[in-house]
Amino acid sequence: MRRKLAAGNWKMNGTSAELERLATLAQNHGAAKSEVLICPPATLLSRAADTVAGSAIAVGGQDCHAEVSGAHTGDVSAQMLKDAGAEFVIIGHSERREDHGESDEDVRNKARAALDAGLVAVICVGESLGEREAANTLDIIGGQLAGSIPDGVTGHTLVIAYEPIWAIGTGKVPTTDQIGEVHDFIRARLERRFGAGVGRSVRILYGGSVKPGNATEIFAVSNVDGALVGGASLKPEDFGPIIDALDASAD
Ligand code: 13P
């Protein structure tokens, strides 16, 4: 059985004042049935880890460098994230693929570094609106999976997040059929490459405009093992009901 995962990506949002929201979340959802993860900006990681200490909430990074250390001004390594209290790291988010020109190979190298540091890699894939309209979604996702996932992963070290770029921050959400088609496809690709045991154990999250109002419907879709939530993860009053909906879907 795959344990459900509710992951929040704060992106470039949050200063010290927002740690209070994390404390509220830990108080209200620190013993959720689902695994709960918050990925704050790197500047808050260590204090965020302290804030959730004693609860079942984990913290993670939003990116890491492919190397352990060195002359890479402004970058953060997977070891540094781990040292700051991270258990997970998001890799290859579409905003990084776009803003920083990250290729599948870059993503794979970063994911390798994350695994070497003992972090769980949350690798993101997703198509643009143009790619969907041209009926290329599965080809694009298949290519990203093949290029971005390193060898040797397991259900304990890898999570996949399917985030259609056109659904991120837009309020537009694919139909449940569209989500199911992609999640089933990802599952089949994982099983083909890593074998049925590993392929079935990797969690596949949906991300893109997940809100309290649509979470239950999304979590009922086959092979949706949770969500990677942006905007709605910033407020406990929004993220809390999403965690509750995920807990309920596991019943
Ligand atoms: P939104 O939930 O704000 O659409 O963001 C999704 C996302 O990009 C999470 O990584």
# chains A, B, ... in the order shown; residues from 1 in each chain; ligands from 1

call {"tool": "residues_near_ligand", "arguments": {"ligand": "ligand 1", "cutoff": "6 Å", "atoms": "only C-alpha atoms and all ligand atoms", "output": "PyMOL selection string"}}
result
chain A and resi 9+168-169+207-210+228-232

call {"tool": "write_last_selection", "arguments": {"atoms": "N, CA and C atoms", "output": "PDB file, in the first residue's frame"}}
result
ATOM      1  N   ASN A   9       4.259  23.195  -1.684  1.00  0.00           N
ATOM      2  CA  ASN A   9       5.408  23.897  -2.256  1.00  0.00           C
ATOM      3  C   ASN A   9       5.153  25.392  -2.079  1.00  0.00           C
ATOM      4  N   ILE A 168      -0.998  25.212 -13.393  1.00  0.00           N
ATOM      5  CA  ILE A 168      -0.294  25.746 -12.221  1.00  0.00           C
ATOM      6  C   ILE A 168      -0.652  27.217 -12.017  1.00  0.00           C
ATOM      7  N   GLY A 169      -1.259  27.506 -10.897  1.00  0.00           N
ATOM      8  CA  GLY A 169      -1.572  28.886 -10.529  1.00  0.00           C
ATOM      9  C   GLY A 169      -2.631  29.541 -11.389  1.00  0.00           C
ATOM     10  N   GLY A 207      -0.458  17.841  -9.275  1.00  0.00           N
ATOM     11  CA  GLY A 207      -0.282  19.234  -8.864  1.00  0.00           C
ATOM     12  C   GLY A 207      -0.794  20.180  -9.928  1.00  0.00           C
ATOM     13  N   GLY A 208      -1.366  21.292  -9.491  1.00  0.00           N
ATOM     14  CA  GLY A 208      -1.902  22.311 -10.403  1.00  0.00           C
ATOM     15  C   GLY A 208      -3.281  22.722  -9.969  1.00  0.00           C
ATOM     16  N   SER A 209      -3.348  23.862  -9.227  1.00  0.00           N
ATOM     17  CA  SER A 209      -4.633  24.430  -8.784  1.00  0.00           C
ATOM     18  C   SER A 209      -5.462  23.486  -7.917  1.00  0.00           C
ATOM     19  N   VAL A 210      -4.771  22.679  -7.105  1.00  0.00           N
ATOM     20  CA  VAL A 210      -5.511  21.860  -6.124  1.00  0.00           C
ATOM     21  C   VAL A 210      -5.994  22.787  -5.004  1.00  0.00           C
ATOM     22  N   LEU A 228       0.693  17.788  -4.950  1.00  0.00           N
ATOM     23  CA  LEU A 228       1.727  18.798  -4.736  1.00  0.00           C
ATOM     24  C   LEU A 228       1.016  20.136  -4.909  1.00  0.00           C
ATOM     25  N   VAL A 229       0.906  20.867  -3.809  1.00  0.00           N
ATOM     26  CA  VAL A 229       0.029  22.034  -3.743  1.00  0.00           C
ATOM     27  C   VAL A 229       0.866  23.304  -3.631  1.00  0.00           C
ATOM     28  N   GLY A 230       0.585  24.279  -4.474  1.00  0.00           N
ATOM     29  CA  GLY A 230       1.289  25.560  -4.397  1.00  0.00           C
ATOM     30  C   GLY A 230       0.525  26.536  -3.522  1.00  0.00           C
ATOM     31  N   GLY A 231      -0.223  27.437  -4.171  1.00  0.00           N
ATOM     32  CA  GLY A 231      -0.902  28.533  -3.472  1.00  0.00           C
ATOM     33  C   GLY A 231      -1.685  28.101  -2.244  1.00  0.00           C
ATOM     34  N   ALA A 232      -2.440  27.024  -2.356  1.00  0.00           N
ATOM     35  CA  ALA A 232      -3.298  26.614  -1.235  1.00  0.00           C
ATOM     36  C   ALA A 232      -2.513  26.002  -0.078  1.00  0.00           C
TER      37      ALA A 232
END

call {"tool": "select_by_dssp", "arguments": {"residues": "range 31-211 of chain A", "states": "strand (DSSP E)", "output": "MDAnalysis selection string"}}
result
chainID A and resid 35:39 57:61 88:91 120:125 158:162 203:207

call {"tool": "residues_around", "arguments": {"residues": "Ala31 in chain A", "least_positions_apart": "3", "cutoff": "9 Å", "atoms": "only C-alpha atoms", "output": "MDAnalysis selection string"}}
result
chainID A and resid 26:28 34:35 55:57

call {"tool": "residues_around", "arguments": {"residues": "Cys64 in chain A", "least_positions_apart": "5", "cutoff": "7 Å", "atoms": "only C-alpha atoms", "output": "list of chain:residue names"}}
result
A:Val76, A:Ser77, A:Ala78, A:Lys110

call {"tool": "closest_residue", "arguments": {"among": "A:Ala121, A:Val221, A:Ala215, A:Ala161", "to": "Gly240 in chain A", "atoms": "only C-alpha atoms"}}
result
A:Ala215

call {"tool": "closest_residue", "arguments": {"among": "A:Gly85, A:Gly30, A:Gly197, A:Gly70", "to": "Leu44 in chain A", "atoms": "only C-alpha atoms"}}
result
A:Gly85

call {"tool": "select_by_dssp", "arguments": {"residues": "range 48-151 of chain A", "states": "alpha helix (DSSP H)", "output": "number ranges by chain"}}
result
A: 48-52, 78-83, 94-99, 104-116, 129-133, 137-148

call {"tool": "closest_residue", "arguments": {"among": "A:Arg189, A:Glu102, A:Thr154, A:Gly180", "to": "Asp139 in chain A", "atoms": "only C-alpha atoms"}}
result
A:Arg189

call {"tool": "atom_distance", "arguments": {"atom1": "CA of Ser148 in chain A", "atom2": "CA of Gln178 in chain A"}}
result
22.2 Å

call {"tool": "residues_around", "arguments": {"residues": "Arg47 in chain A", "least_positions_apart": "3", "cutoff": "10 Å", "atoms": "only C-alpha atoms", "output": "ChimeraX atom specification"}}
result
/A:16,19,40,42-44,50-53,84-85

call {"tool": "residues_around", "arguments": {"residues": "Asp247 in chain A", "least_positions_apart": "6", "cutoff": "8 Å", "atoms": "only C-alpha atoms", "output": "PyMOL selection string"}}
result
chain A and resi 4+32-34

call {"tool": "write_last_selection", "arguments": {"atoms": "N, CA, C and O atoms", "output": "tab-separated table (two decimals), in the first residue's frame"}}
result
chain	number	residue	atom	x	y	z
A	4	LYS	N	-0.47	7.84	1.37
A	4	LYS	CA	-0.82	9.10	0.69
A	4	LYS	C	0.13	10.20	1.13
A	4	LYS	O	0.61	10.20	2.27
A	32	ALA	N	-1.77	13.54	11.02
A	32	ALA	CA	-2.63	13.10	9.91
A	32	ALA	C	-2.28	11.67	9.51
A	32	ALA	O	-1.15	11.22	9.70
A	33	LYS	N	-3.27	10.99	8.94
A	33	LYS	CA	-3.04	9.63	8.45
A	33	LYS	C	-2.08	9.66	7.25
A	33	LYS	O	-1.22	8.81	7.10
A	34	SER	N	-2.27	10.68	6.42
A	34	SER	CA	-1.40	10.86	5.26
A	34	SER	C	-0.06	11.43	5.71
A	34	SER	O	0.03	12.06	6.76

call {"tool": "closest_residue", "arguments": {"among": "A:Arg97, A:Lys82, A:Lys235, A:Arg203", "to": "His156 in chain A", "atoms": "only C-alpha atoms"}}
result
A:Arg203

call {"tool": "decode", "arguments": {"residues": "range 91-136 of chain A", "atoms": "C-alpha atoms", "output": "compact mmCIF listing (two decimals), in the first residue's frame"}}
result
# COMPACT_ATOMS: atom_id res chain seq x y z
CA ILE A 91 13.42 18.48 -8.45
CA GLY A 92 12.64 19.67 -11.97
CA HIS A 93 9.62 21.81 -11.17
CA SER A 94 8.40 23.40 -14.42
CA GLU A 95 9.22 26.83 -13.02
CA ARG A 96 12.86 25.75 -12.68
CA ARG A 97 12.87 24.00 -16.03
CA GLU A 98 11.61 27.28 -17.52
CA ASP A 99 13.30 29.99 -15.40
CA HIS A 100 16.66 28.21 -15.19
CA GLY A 101 16.64 26.19 -18.40
CA GLU A 102 16.91 22.87 -16.58
CA SER A 103 17.01 19.90 -18.94
CA ASP A 104 15.94 16.34 -18.17
CA GLU A 105 19.64 15.52 -17.75
CA ASP A 106 20.08 18.34 -15.21
CA VAL A 107 17.04 17.05 -13.34
CA ARG A 108 18.39 13.48 -13.35
CA ASN A 109 21.77 14.62 -12.01
CA LYS A 110 20.09 16.64 -9.26
CA ALA A 111 17.88 13.69 -8.38
CA ARG A 112 20.95 11.45 -8.17
CA ALA A 113 22.54 13.97 -5.77
CA ALA A 114 19.36 14.00 -3.69
CA LEU A 115 19.35 10.22 -3.39
CA ASP A 116 23.05 10.19 -2.51
CA ALA A 117 22.32 12.66 0.28
CA GLY A 118 19.53 10.45 1.65
CA LEU A 119 16.68 12.68 0.49
CA VAL A 120 13.50 11.56 -1.24
CA ALA A 121 13.41 13.11 -4.74
CA VAL A 122 10.04 14.54 -5.83
CA ILE A 123 10.56 14.71 -9.60
CA CYS A 124 8.10 16.93 -11.49
CA VAL A 125 6.84 16.33 -15.01
CA GLY A 126 4.12 18.06 -17.00
CA GLU A 127 3.10 19.30 -20.42
CA SER A 128 2.45 22.83 -21.66
CA LEU A 129 -0.91 23.88 -23.02
CA GLY A 130 0.45 23.78 -26.59
CA GLU A 131 1.71 20.24 -26.09
CA ARG A 132 -1.67 19.13 -24.74
CA GLU A 133 -3.55 20.81 -27.58
CA ALA A 134 -1.27 19.10 -30.08
CA ALA A 135 -2.14 15.75 -28.41
CA ASN A 136 1.50 15.27 -27.38
